[in-house]
$ cat protein29.pdb   # PDB, C-alpha atoms
ATOM      1  CA  MET C 121     -55.175-101.503  39.625
ATOM      2  CA  GLY C 122     -53.637-103.719  42.267
ATOM      3  CA  CYS C 123     -50.794-102.715  44.511
ATOM      4  CA  CYS C 124     -48.347-105.139  42.881
ATOM      5  CA  ASN C 125     -49.186-103.852  39.415
ATOM      6  CA  LEU C 126     -48.713-100.269  40.618
ATOM      7  CA  ARG C 127     -45.333-101.130  42.131
ATOM      8  CA  ILE C 128     -44.197-102.753  38.887
ATOM      9  CA  LEU C 129     -45.464 -99.775  36.902
ATOM     10  CA  CYS C 130     -43.570 -97.430  39.246
ATOM     11  CA  PHE C 131     -40.383 -99.478  38.808
ATOM     12  CA  ILE C 132     -40.788 -99.201  35.039
ATOM     13  CA  VAL C 133     -41.545 -95.457  35.123
ATOM     14  CA  ALA C 134     -38.677 -94.697  37.504
ATOM     15  CA  SER C 135     -36.287 -96.849  35.451
ATOM     16  CA  LEU C 136     -37.310 -95.104  32.221
ATOM     17  CA  ASN C 137     -36.933 -91.818  34.040
ATOM     18  CA  ALA C 138     -33.407 -92.700  35.169
ATOM     19  CA  ALA C 139     -32.493 -93.868  31.659
ATOM     20  CA  ALA C 140     -33.812 -90.637  30.134
ATOM     21  CA  TYR C 141     -31.826 -88.548  32.606
ATOM     22  CA  LEU C 142     -28.697 -90.614  31.927
ATOM     23  CA  ILE C 143     -29.090 -90.058  28.173
ATOM     24  CA  ALA C 144     -29.661 -86.345  28.805
ATOM     25  CA  ILE C 145     -26.516 -86.169  30.952
ATOM     26  CA  MET C 146     -24.453 -87.824  28.206
ATOM     27  CA  TRP C 147     -25.946 -85.505  25.572
ATOM     28  CA  ASP C 148     -25.193 -82.447  27.697
ATOM     29  CA  ILE C 149     -21.613 -83.557  28.327
ATOM     30  CA  ILE C 150     -21.108 -84.081  24.585
ATOM     31  CA  TYR C 151     -22.628 -80.645  23.896
ATOM     32  CA  LEU C 152     -20.386 -78.946  26.456
ATOM     33  CA  ASN C 153     -17.369 -80.819  25.118
ATOM     34  CA  THR C 154     -18.017 -79.645  21.557
ATOM     35  CA  GLU C 155     -18.557 -76.075  22.776
ATOM     36  CA  TYR C 156     -15.271 -76.297  24.657
ATOM     37  CA  ASP C 157     -13.497 -77.608  21.555
ATOM     38  CA  LEU C 158     -14.928 -74.752  19.486
ATOM     39  CA  SER C 159     -13.367 -72.187  21.760
ATOM     40  CA  SER C 160      -9.795 -71.561  20.670
ATOM     41  CA  ASN C 161      -8.863 -69.904  23.946
ATOM     42  CA  PRO C 162      -6.730 -72.102  26.215
ATOM     43  CA  HIS C 163      -8.663 -70.742  29.205
ATOM     44  CA  GLY C 164     -11.869 -72.415  28.139
ATOM     45  CA  PHE C 165     -15.228 -70.830  27.447
ATOM     46  CA  THR C 166     -14.119 -67.208  27.819
ATOM     47  CA  ASN C 167     -13.550 -66.668  24.070
ATOM     48  CA  PHE C 168     -17.281 -66.814  23.292
ATOM     49  CA  ASP C 169     -19.584 -63.937  22.660
ATOM     50  CA  VAL C 170     -22.383 -63.255  25.133
ATOM     51  CA  HIS C 171     -24.979 -65.495  23.402
ATOM     52  CA  GLN C 172     -22.682 -68.512  23.258
ATOM     53  CA  ASN C 173     -21.571 -67.930  26.830
ATOM     54  CA  ASN C 174     -25.209 -67.954  27.968
ATOM     55  CA  ASP C 175     -25.695 -71.236  26.100
ATOM     56  CA  VAL C 176     -22.752 -72.730  27.966
ATOM     57  CA  HIS C 177     -24.110 -71.538  31.299
ATOM     58  CA  ALA C 178     -27.491 -73.023  30.430
ATOM     59  CA  GLY C 179     -25.725 -76.262  29.495
ATOM     60  CA  PHE C 180     -24.038 -76.424  32.896
ATOM     61  CA  LEU C 181     -27.323 -75.656  34.640
ATOM     62  CA  LEU C 182     -29.070 -78.403  32.658
ATOM     63  CA  LEU C 183     -26.278 -80.796  33.568
ATOM     64  CA  ILE C 184     -26.927 -80.119  37.255
ATOM     65  CA  VAL C 185     -30.701 -80.543  36.819
ATOM     66  CA  PHE C 186     -30.234 -83.789  34.897
ATOM     67  CA  ALA C 187     -27.846 -85.135  37.552
ATOM     68  CA  VAL C 188     -30.301 -84.294  40.351
ATOM     69  CA  GLY C 189     -33.113 -85.975  38.391
ATOM     70  CA  PHE C 190     -30.990 -89.072  37.785
ATOM     71  CA  LEU C 191     -30.032 -89.381  41.454
ATOM     72  CA  ALA C 192     -33.636 -88.789  42.544
ATOM     73  CA  SER C 193     -34.784 -91.537  40.160
ATOM     74  CA  LEU C 194     -32.249 -93.967  41.600
ATOM     75  CA  LEU C 195     -33.339 -93.046  45.124
ATOM     76  CA  PHE C 196     -36.974 -93.619  44.166
ATOM     77  CA  ILE C 197     -36.158 -97.093  42.832
ATOM     78  CA  LYS C 198     -34.229 -97.925  46.015
ATOM     79  CA  GLY C 199     -37.035 -96.540  48.211
ATOM     80  CA  LEU C 200     -39.652 -98.510  46.318
ATOM     81  CA  HIS C 201     -37.579-101.668  46.642
ATOM     82  CA  GLN C 202     -37.036-101.202  50.402
ATOM     83  CA  ASP C 203     -40.473 -99.646  51.154
ATOM     84  CA  ARG C 204     -38.811 -96.460  52.422
ATOM     85  CA  MET C 205     -40.879 -93.401  51.750
ATOM     86  CA  GLY C 206     -38.026 -90.983  52.527
ATOM     87  CA  PHE C 207     -36.047 -92.203  49.520
ATOM     88  CA  MET C 208     -39.045 -91.764  47.255
ATOM     89  CA  ALA C 209     -39.769 -88.167  48.236
ATOM     90  CA  PRO C 210     -37.004 -86.385  46.238
ATOM     91  CA  LEU C 211     -38.278 -87.602  42.868
ATOM     92  CA  VAL C 212     -41.891 -86.821  43.726
ATOM     93  CA  TYR C 213     -41.011 -83.269  44.783
ATOM     94  CA  PHE C 214     -38.668 -82.866  41.802
ATOM     95  CA  LYS C 215     -41.444 -83.872  39.406
ATOM     96  CA  ALA C 216     -43.892 -81.526  41.122
ATOM     97  CA  ALA C 217     -41.380 -78.704  40.685
ATOM     98  CA  CYS C 218     -40.988 -79.675  37.000
ATOM     99  CA  ILE C 219     -44.750 -79.460  36.520
ATOM    100  CA  LEU C 220     -44.914 -76.021  38.153
ATOM    101  CA  PHE C 221     -41.963 -74.813  36.074
ATOM    102  CA  SER C 222     -43.625 -76.136  32.918
ATOM    103  CA  LEU C 223     -46.828 -74.264  33.713
ATOM    104  CA  THR C 224     -44.970 -70.996  34.219
ATOM    105  CA  SER C 225     -43.001 -71.502  31.017
ATOM    106  CA  ILE C 226     -46.181 -72.218  29.076
ATOM    107  CA  ILE C 227     -47.638 -68.944  30.301
ATOM    108  CA  SER C 228     -44.476 -67.023  29.405
ATOM    109  CA  VAL C 229     -44.222 -68.658  25.972
ATOM    110  CA  TYR C 230     -47.872 -67.839  25.297
ATOM    111  CA  ASN C 231     -47.333 -64.204  26.251
ATOM    112  CA  THR C 232     -44.212 -64.010  24.082
ATOM    113  CA  TYR C 233     -46.031 -65.453  21.079
ATOM    114  CA  LEU C 234     -48.905 -63.044  21.566
ATOM    115  CA  MET C 235     -46.430 -60.167  21.418
ATOM    116  CA  LYS C 236     -44.514 -61.439  18.363
ATOM    117  CA  VAL C 237     -47.069 -63.192  16.186
ATOM    118  CA  GLU C 238     -49.974 -61.452  14.528
ATOM    119  CA  ILE C 239     -51.745 -64.753  13.952
ATOM    120  CA  TYR C 240     -53.324 -65.681  17.279
ATOM    121  CA  LEU C 241     -54.247 -69.146  16.060
ATOM    122  CA  GLN C 242     -50.568 -70.028  15.769
ATOM    123  CA  ALA C 243     -49.967 -68.963  19.381
ATOM    124  CA  ILE C 244     -52.978 -70.961  20.531
ATOM    125  CA  VAL C 245     -51.793 -74.076  18.666
ATOM    126  CA  ILE C 246     -48.309 -73.804  20.170
ATOM    127  CA  VAL C 247     -49.695 -73.395  23.682
ATOM    128  CA  PHE C 248     -52.074 -76.314  23.065
ATOM    129  CA  THR C 249     -49.125 -78.535  22.120
ATOM    130  CA  HIS C 250     -47.307 -77.428  25.281
ATOM    131  CA  PHE C 251     -50.360 -78.281  27.401
ATOM    132  CA  LEU C 252     -50.710 -81.615  25.606
ATOM    133  CA  SER C 253     -47.082 -82.506  26.330
ATOM    134  CA  LEU C 254     -47.527 -81.407  29.957
ATOM    135  CA  GLY C 255     -50.630 -83.607  30.230
ATOM    136  CA  LEU C 256     -48.729 -86.597  28.848
ATOM    137  CA  PHE C 257     -45.928 -85.894  31.309
ATOM    138  CA  ILE C 258     -48.401 -85.833  34.214
ATOM    139  CA  LEU C 259     -49.983 -89.057  32.939
ATOM    140  CA  PHE C 260     -46.530 -90.639  32.750
ATOM    141  CA  VAL C 261     -45.488 -89.708  36.301
ATOM    142  CA  SER C 262     -48.877 -90.121  37.985
ATOM    143  CA  PRO C 263     -48.107 -93.682  39.237
ATOM    144  CA  LEU C 264     -45.164 -92.224  41.175
ATOM    145  CA  PHE C 265     -47.454 -89.731  42.883
ATOM    146  CA  ILE C 266     -50.119 -92.378  43.562
ATOM    147  CA  ILE C 267     -47.807 -94.870  45.241
ATOM    148  CA  TYR C 268     -46.111 -92.128  47.259
ATOM    149  CA  GLN C 269     -49.504 -90.884  48.450
ATOM    150  CA  ARG C 270     -50.567 -94.422  49.397
ATOM    151  CA  MET C 271     -47.367 -94.990  51.344
ATOM    152  CA  ARG C 272     -47.805 -91.679  53.183
ATOM    153  CA  SER C 273     -51.381 -92.483  54.123
ATOM    154  CA  SER C 274     -50.461 -95.983  55.307
ATOM    155  CA  SER C 275     -47.599 -94.615  57.411
ATOM    156  CA  LYS C 276     -49.982 -92.131  59.070
ATOM    157  CA  ILE C 277     -52.388 -94.949  59.858
ATOM    158  CA  ARG C 278     -49.596 -96.978  61.442
ATOM    159  CA  ILE C 279     -48.523 -94.056  63.615
ATOM    160  CA  VAL C 280     -52.081 -93.449  64.798
ATOM    161  CA  ALA C 281     -52.625 -97.155  65.474
ATOM    162  CA  THR C 282     -49.518 -97.470  67.664
ATOM    163  CA  THR C 283     -50.283 -94.571  69.989
ATOM    164  CA  ARG C 284     -52.224 -95.390  73.128
ATOM    165  CA  GLU C 285     -54.512 -93.222  75.092
ATOM    166  CA  VAL C 286     -53.296 -92.467  78.549
ATOM    167  CA  LYS C 287     -56.174 -92.871  80.953
ATOM    168  CA  PRO C 288     -55.930 -91.223  84.351
ATOM    169  CA  ARG C 289     -55.789 -93.539  87.305
ATOM    170  CA  PRO C 290     -58.765 -93.469  89.579
ATOM    171  CA  VAL C 291     -58.163 -91.628  92.784
ATOM    172  CA  CYS C 292     -58.716 -93.717  95.915
ATOM    173  CA  VAL C 293     -60.639 -91.908  98.581
ATOM    174  CA  ASN C 294     -60.489 -93.340 102.096
TER     175      ASN C 294
END

$ encode --input "protein29.pdb" --output "structure tokens"
Amino acid sequence: MGCCNLRILCFIVASLNAAAYLIAIMWDIIYLNTEYDLSSNPHGFTNFDVHQNNDVHAGFLLLIVFAVGFLASLLFIKGLHQDRMGFMAPLVYFKAACILFSLTSIISVYNTYLMKVEIYLQAIVIVFTHFLSLGLFILFVSPLFIIYQRMRSSSKIRIVATTREVKPRPVCVN
């Protein structure tokens, strides 16, 4: 795969990423708005029971995560356009954190299903679908990691190439 094709693929992936986060932000705002309308208390979300209140807190937390992902996607697109590796780093690290979080949630979901379900095959199938979706996610974001890694390695080569060795001057002996 050539460098130009990889750049175009990264633009497409980062743009789809930004669009998905924008849709998720709008969905979360609509969800929080309907939850707010359901509460009859003029002070907002305080009329809920504990379960609904936790859902609202999770909704706010997701809104923050979606906003960070959207901004990181926009920064990645700008960094790719201007060849600035520093702008690309937030999305790469954000996606790496998402992958690690997904792995830990898969393990916790598997343990929960093993405790609740007597049929182990059902737990195995559910964990397999989680691993399959995680694999597709990694396949989807791998061009972002590849181009970031290439830009990091090329920047290290440039730094090494510009440094000069300082040779000591010969001492003149009379």

$ resolve_selection --input "protein29.pdb" --expression "the PyMOL selection byres ((chain C and resi 257-262) around 9)" --output "NGL selection string"
:C and (130 or 133-134 or 212 or 215 or 219 or 252-256 or 263-267)

$ atom_distance --input "protein29.pdb" --atom1 "atom CA of Ile145 of chain C" --atom2 "atom CA of Leu223 of chain C"
23.7 Å

$ residues_around --input "protein29.pdb" --residues "Leu191 of chain C" --least-positions-apart "3" --cutoff "9 Å" --atoms "all atoms listed in the file" --output "count of residues only"
9

$ atom_distance --input "protein29.pdb" --atom1 "atom CA of Leu152 of chain C" --atom2 "atom CA of Ala217 of chain C"
25.4 Å

$ atom_distance --input "protein29.pdb" --atom1 "atom CA of Phe131 of chain C" --atom2 "atom CA of His201 of chain C"
8.6 Å

$ residues_around --input "protein29.pdb" --residues "segment 226-239 of chain C" --least-positions-apart "2" --cutoff "12 Å" --atoms "only C-alpha atoms" --output "list in words"
Ile219, Leu220, Phe221, Ser222, Leu223, Thr224, Leu241, Gln242, Ala243, Ile244, Val245, Ile246, Val247, Phe248, Thr249, His250, Phe251, Leu252, Ser253 and Leu254 of chain C

$ closest_residue --input "protein29.pdb" --among "C:Arg127, C:Ser135, C:Leu183, C:Val176" --to "Thr154 of chain C" --atoms "only C-alpha atoms"
C:Val176

$ closest_residue --input "protein29.pdb" --among "C:Ile132, C:Ser274, C:Ala140, C:Gln269" --to "Phe190 of chain C" --atoms "only C-alpha atoms"
C:Ala140

$ axis_aligned_box --input "protein29.pdb" --around "segment 252-255 of chain C" --padding-each-side "6 Å" --output "AutoDock Vina command-line options"
--center_x -48.9 --center_y -82.5 --center_z 27.9 --size_x 15.6 --size_y 14.2 --size_z 16.6

$ resolve_selection --input "protein29.pdb" --expression "the PyMOL selection byres ((chain C and resi 206) around 12)" --output "list of chain:residue names"
C:Ala192, C:Leu195, C:Phe196, C:Ile197, C:Lys198, C:Gly199, C:Leu200, C:Gln202, C:Asp203, C:Arg204, C:Met205, C:Phe207, C:Met208, C:Ala209, C:Pro210, C:Leu211, C:Val212, C:Tyr213, C:Tyr268, C:Met271, C:Arg272, C:Ser275

$ closest_residue --input "protein29.pdb" --among "C:Ala216, C:Val185, C:Leu126, C:Ala178" --to "Leu142 of chain C" --atoms "only C-alpha atoms"
C:Val185

$ closest_residue --input "protein29.pdb" --among "C:Tyr240, C:Tyr156, C:Phe214, C:Ser193" --to "Asn137 of chain C" --atoms "all atoms listed in the file"
C:Ser193

$ closest_residue --input "protein29.pdb" --among "C:Cys218, C:Ala139, C:Ile149, C:Ala144" --to "Phe180 of chain C" --atoms "all atoms listed in the file"
C:Ile149

$ decode --input "protein29.pdb" --residues "segment 202-237 of chain C" --atoms "N, CA, C and O atoms" --output "PDB file, in the first residue's frame"
ATOM      1  N   GLN C 202      -1.662  18.742   7.619  1.00  0.00           N
ATOM      2  CA  GLN C 202      -0.502  19.617   7.758  1.00  0.00           C
ATOM      3  C   GLN C 202       0.788  18.852   8.050  1.00  0.00           C
ATOM      4  O   GLN C 202       1.819  19.478   8.291  1.00  0.00           O
ATOM      5  N   ASP C 203       0.748  17.534   8.057  1.00  0.00           N
ATOM      6  CA  ASP C 203       1.905  16.686   8.396  1.00  0.00           C
ATOM      7  C   ASP C 203       2.464  17.037   9.773  1.00  0.00           C
ATOM      8  O   ASP C 203       3.675  17.152   9.966  1.00  0.00           O
ATOM      9  N   ARG C 204       1.584  17.198  10.746  1.00  0.00           N
ATOM     10  CA  ARG C 204       1.990  17.498  12.117  1.00  0.00           C
ATOM     11  C   ARG C 204       1.610  16.330  13.001  1.00  0.00           C
ATOM     12  O   ARG C 204       0.432  16.057  13.234  1.00  0.00           O
ATOM     13  N   MET C 205       2.611  15.647  13.471  1.00  0.00           N
ATOM     14  CA  MET C 205       2.415  14.434  14.243  1.00  0.00           C
ATOM     15  C   MET C 205       1.771  14.729  15.603  1.00  0.00           C
ATOM     16  O   MET C 205       1.023  13.918  16.135  1.00  0.00           O
ATOM     17  N   GLY C 206       2.030  15.881  16.176  1.00  0.00           N
ATOM     18  CA  GLY C 206       1.479  16.231  17.481  1.00  0.00           C
ATOM     19  C   GLY C 206      -0.039  16.317  17.482  1.00  0.00           C
ATOM     20  O   GLY C 206      -0.682  16.024  18.494  1.00  0.00           O
ATOM     21  N   PHE C 207      -0.621  16.724  16.353  1.00  0.00           N
ATOM     22  CA  PHE C 207      -2.078  16.784  16.257  1.00  0.00           C
ATOM     23  C   PHE C 207      -2.691  15.399  16.082  1.00  0.00           C
ATOM     24  O   PHE C 207      -3.857  15.200  16.384  1.00  0.00           O
ATOM     25  N   MET C 208      -1.898  14.475  15.574  1.00  0.00           N
ATOM     26  CA  MET C 208      -2.421  13.133  15.327  1.00  0.00           C
ATOM     27  C   MET C 208      -2.387  12.251  16.575  1.00  0.00           C
ATOM     28  O   MET C 208      -3.124  11.280  16.678  1.00  0.00           O
ATOM     29  N   ALA C 209      -1.539  12.598  17.507  1.00  0.00           N
ATOM     30  CA  ALA C 209      -1.327  11.754  18.693  1.00  0.00           C
ATOM     31  C   ALA C 209      -2.568  11.562  19.561  1.00  0.00           C
ATOM     32  O   ALA C 209      -2.801  10.444  20.035  1.00  0.00           O
ATOM     33  N   PRO C 210      -3.409  12.592  19.810  1.00  0.00           N
ATOM     34  CA  PRO C 210      -4.545  12.359  20.713  1.00  0.00           C
ATOM     35  C   PRO C 210      -5.492  11.251  20.252  1.00  0.00           C
ATOM     36  O   PRO C 210      -5.937  10.438  21.075  1.00  0.00           O
ATOM     37  N   LEU C 211      -5.774  11.181  18.962  1.00  0.00           N
ATOM     38  CA  LEU C 211      -6.683  10.135  18.489  1.00  0.00           C
ATOM     39  C   LEU C 211      -6.042   8.757  18.579  1.00  0.00           C
ATOM     40  O   LEU C 211      -6.702   7.788  18.949  1.00  0.00           O
ATOM     41  N   VAL C 212      -4.755   8.676  18.296  1.00  0.00           N
ATOM     42  CA  VAL C 212      -4.067   7.390  18.376  1.00  0.00           C
ATOM     43  C   VAL C 212      -4.079   6.881  19.816  1.00  0.00           C
ATOM     44  O   VAL C 212      -4.400   5.717  20.076  1.00  0.00           O
ATOM     45  N   TYR C 213      -3.756   7.759  20.769  1.00  0.00           N
ATOM     46  CA  TYR C 213      -3.758   7.345  22.173  1.00  0.00           C
ATOM     47  C   TYR C 213      -5.180   7.082  22.674  1.00  0.00           C
ATOM     48  O   TYR C 213      -5.398   6.191  23.497  1.00  0.00           O
ATOM     49  N   PHE C 214      -6.140   7.839  22.194  1.00  0.00           N
ATOM     50  CA  PHE C 214      -7.539   7.625  22.573  1.00  0.00           C
ATOM     51  C   PHE C 214      -8.018   6.260  22.084  1.00  0.00           C
ATOM     52  O   PHE C 214      -8.695   5.532  22.806  1.00  0.00           O
ATOM     53  N   LYS C 215      -7.663   5.906  20.866  1.00  0.00           N
ATOM     54  CA  LYS C 215      -8.062   4.601  20.329  1.00  0.00           C
ATOM     55  C   LYS C 215      -7.356   3.461  21.051  1.00  0.00           C
ATOM     56  O   LYS C 215      -7.940   2.402  21.268  1.00  0.00           O
ATOM     57  N   ALA C 216      -6.093   3.669  21.422  1.00  0.00           N
ATOM     58  CA  ALA C 216      -5.389   2.647  22.194  1.00  0.00           C
ATOM     59  C   ALA C 216      -6.052   2.449  23.557  1.00  0.00           C
ATOM     60  O   ALA C 216      -6.210   1.317  24.020  1.00  0.00           O
ATOM     61  N   ALA C 217      -6.477   3.550  24.178  1.00  0.00           N
ATOM     62  CA  ALA C 217      -7.187   3.439  25.450  1.00  0.00           C
ATOM     63  C   ALA C 217      -8.533   2.733  25.266  1.00  0.00           C
ATOM     64  O   ALA C 217      -8.956   1.952  26.126  1.00  0.00           O
ATOM     65  N   CYS C 218      -9.204   2.993  24.152  1.00  0.00           N
ATOM     66  CA  CYS C 218     -10.483   2.305  23.862  1.00  0.00           C
ATOM     67  C   CYS C 218     -10.269   0.804  23.720  1.00  0.00           C
ATOM     68  O   CYS C 218     -11.091   0.013  24.193  1.00  0.00           O
ATOM     69  N   ILE C 219      -9.184   0.417  23.073  1.00  0.00           N
ATOM     70  CA  ILE C 219      -8.902  -1.009  22.889  1.00  0.00           C
ATOM     71  C   ILE C 219      -8.624  -1.666  24.232  1.00  0.00           C
ATOM     72  O   ILE C 219      -9.140  -2.753  24.524  1.00  0.00           O
ATOM     73  N   LEU C 220      -7.830  -1.011  25.083  1.00  0.00           N
ATOM     74  CA  LEU C 220      -7.547  -1.567  26.408  1.00  0.00           C
ATOM     75  C   LEU C 220      -8.811  -1.652  27.256  1.00  0.00           C
ATOM     76  O   LEU C 220      -9.038  -2.642  27.961  1.00  0.00           O
ATOM     77  N   PHE C 221      -9.655  -0.625  27.184  1.00  0.00           N
ATOM     78  CA  PHE C 221     -10.914  -0.649  27.928  1.00  0.00           C
ATOM     79  C   PHE C 221     -11.822  -1.756  27.412  1.00  0.00           C
ATOM     80  O   PHE C 221     -12.506  -2.425  28.191  1.00  0.00           O
ATOM     81  N   SER C 222     -11.841  -1.969  26.109  1.00  0.00           N
ATOM     82  CA  SER C 222     -12.662  -3.040  25.541  1.00  0.00           C
ATOM     83  C   SER C 222     -12.183  -4.407  26.006  1.00  0.00           C
ATOM     84  O   SER C 222     -13.000  -5.288  26.305  1.00  0.00           O
ATOM     85  N   LEU C 223     -10.878  -4.597  26.069  1.00  0.00           N
ATOM     86  CA  LEU C 223     -10.352  -5.876  26.549  1.00  0.00           C
ATOM     87  C   LEU C 223     -10.744  -6.136  27.999  1.00  0.00           C
ATOM     88  O   LEU C 223     -11.154  -7.245  28.351  1.00  0.00           O
ATOM     89  N   THR C 224     -10.634  -5.113  28.842  1.00  0.00           N
ATOM     90  CA  THR C 224     -11.018  -5.307  30.240  1.00  0.00           C
ATOM     91  C   THR C 224     -12.513  -5.535  30.381  1.00  0.00           C
ATOM     92  O   THR C 224     -12.945  -6.322  31.221  1.00  0.00           O
ATOM     93  N   SER C 225     -13.321  -4.856  29.557  1.00  0.00           N
ATOM     94  CA  SER C 225     -14.759  -5.111  29.638  1.00  0.00           C
ATOM     95  C   SER C 225     -15.126  -6.479  29.117  1.00  0.00           C
ATOM     96  O   SER C 225     -16.055  -7.103  29.633  1.00  0.00           O
ATOM     97  N   ILE C 226     -14.415  -6.983  28.128  1.00  0.00           N
ATOM     98  CA  ILE C 226     -14.692  -8.340  27.648  1.00  0.00           C
ATOM     99  C   ILE C 226     -14.416  -9.347  28.753  1.00  0.00           C
ATOM    100  O   ILE C 226     -15.203 -10.270  28.979  1.00  0.00           O
ATOM    101  N   ILE C 227     -13.321  -9.156  29.464  1.00  0.00           N
ATOM    102  CA  ILE C 227     -12.992 -10.070  30.555  1.00  0.00           C
ATOM    103  C   ILE C 227     -14.045  -9.996  31.656  1.00  0.00           C
ATOM    104  O   ILE C 227     -14.497 -11.027  32.175  1.00  0.00           O
ATOM    105  N   SER C 228     -14.487  -8.788  31.999  1.00  0.00           N
ATOM    106  CA  SER C 228     -15.493  -8.662  33.056  1.00  0.00           C
ATOM    107  C   SER C 228     -16.847  -9.205  32.613  1.00  0.00           C
ATOM    108  O   SER C 228     -17.562  -9.834  33.409  1.00  0.00           O
ATOM    109  N   VAL C 229     -17.213  -8.999  31.363  1.00  0.00           N
ATOM    110  CA  VAL C 229     -18.480  -9.548  30.862  1.00  0.00           C
ATOM    111  C   VAL C 229     -18.428 -11.066  30.851  1.00  0.00           C
ATOM    112  O   VAL C 229     -19.401 -11.736  31.233  1.00  0.00           O
ATOM    113  N   TYR C 230     -17.298 -11.623  30.452  1.00  0.00           N
ATOM    114  CA  TYR C 230     -17.144 -13.081  30.445  1.00  0.00           C
ATOM    115  C   TYR C 230     -17.277 -13.646  31.858  1.00  0.00           C
ATOM    116  O   TYR C 230     -17.979 -14.638  32.072  1.00  0.00           O
ATOM    117  N   ASN C 231     -16.632 -13.005  32.814  1.00  0.00           N
ATOM    118  CA  ASN C 231     -16.744 -13.477  34.199  1.00  0.00           C
ATOM    119  C   ASN C 231     -18.166 -13.347  34.725  1.00  0.00           C
ATOM    120  O   ASN C 231     -18.654 -14.217  35.448  1.00  0.00           O
ATOM    121  N   THR C 232     -18.863 -12.285  34.374  1.00  0.00           N
ATOM    122  CA  THR C 232     -20.243 -12.108  34.801  1.00  0.00           C
ATOM    123  C   THR C 232     -21.134 -13.182  34.204  1.00  0.00           C
ATOM    124  O   THR C 232     -21.988 -13.750  34.901  1.00  0.00           O
ATOM    125  N   TYR C 233     -20.960 -13.474  32.918  1.00  0.00           N
ATOM    126  CA  TYR C 233     -21.774 -14.508  32.290  1.00  0.00           C
ATOM    127  C   TYR C 233     -21.471 -15.891  32.853  1.00  0.00           C
ATOM    128  O   TYR C 233     -22.357 -16.724  32.944  1.00  0.00           O
ATOM    129  N   LEU C 234     -20.236 -16.130  33.219  1.00  0.00           N
ATOM    130  CA  LEU C 234     -19.917 -17.422  33.828  1.00  0.00           C
ATOM    131  C   LEU C 234     -20.602 -17.581  35.181  1.00  0.00           C
ATOM    132  O   LEU C 234     -20.969 -18.684  35.572  1.00  0.00           O
ATOM    133  N   MET C 235     -20.783 -16.477  35.889  1.00  0.00           N
ATOM    134  CA  MET C 235     -21.453 -16.539  37.187  1.00  0.00           C
ATOM    135  C   MET C 235     -22.962 -16.711  37.035  1.00  0.00           C
ATOM    136  O   MET C 235     -23.590 -17.403  37.822  1.00  0.00           O
ATOM    137  N   LYS C 236     -23.561 -16.065  36.019  1.00  0.00           N
ATOM    138  CA  LYS C 236     -25.014 -16.041  35.887  1.00  0.00           C
ATOM    139  C   LYS C 236     -25.565 -17.212  35.071  1.00  0.00           C
ATOM    140  O   LYS C 236     -26.628 -17.730  35.372  1.00  0.00           O
ATOM    141  N   VAL C 237     -24.898 -17.577  34.021  1.00  0.00           N
ATOM    142  CA  VAL C 237     -25.444 -18.517  33.053  1.00  0.00           C
ATOM    143  C   VAL C 237     -24.909 -19.917  33.333  1.00  0.00           C
ATOM    144  O   VAL C 237     -23.716 -20.104  33.530  1.00  0.00           O
TER     145      VAL C 237
END
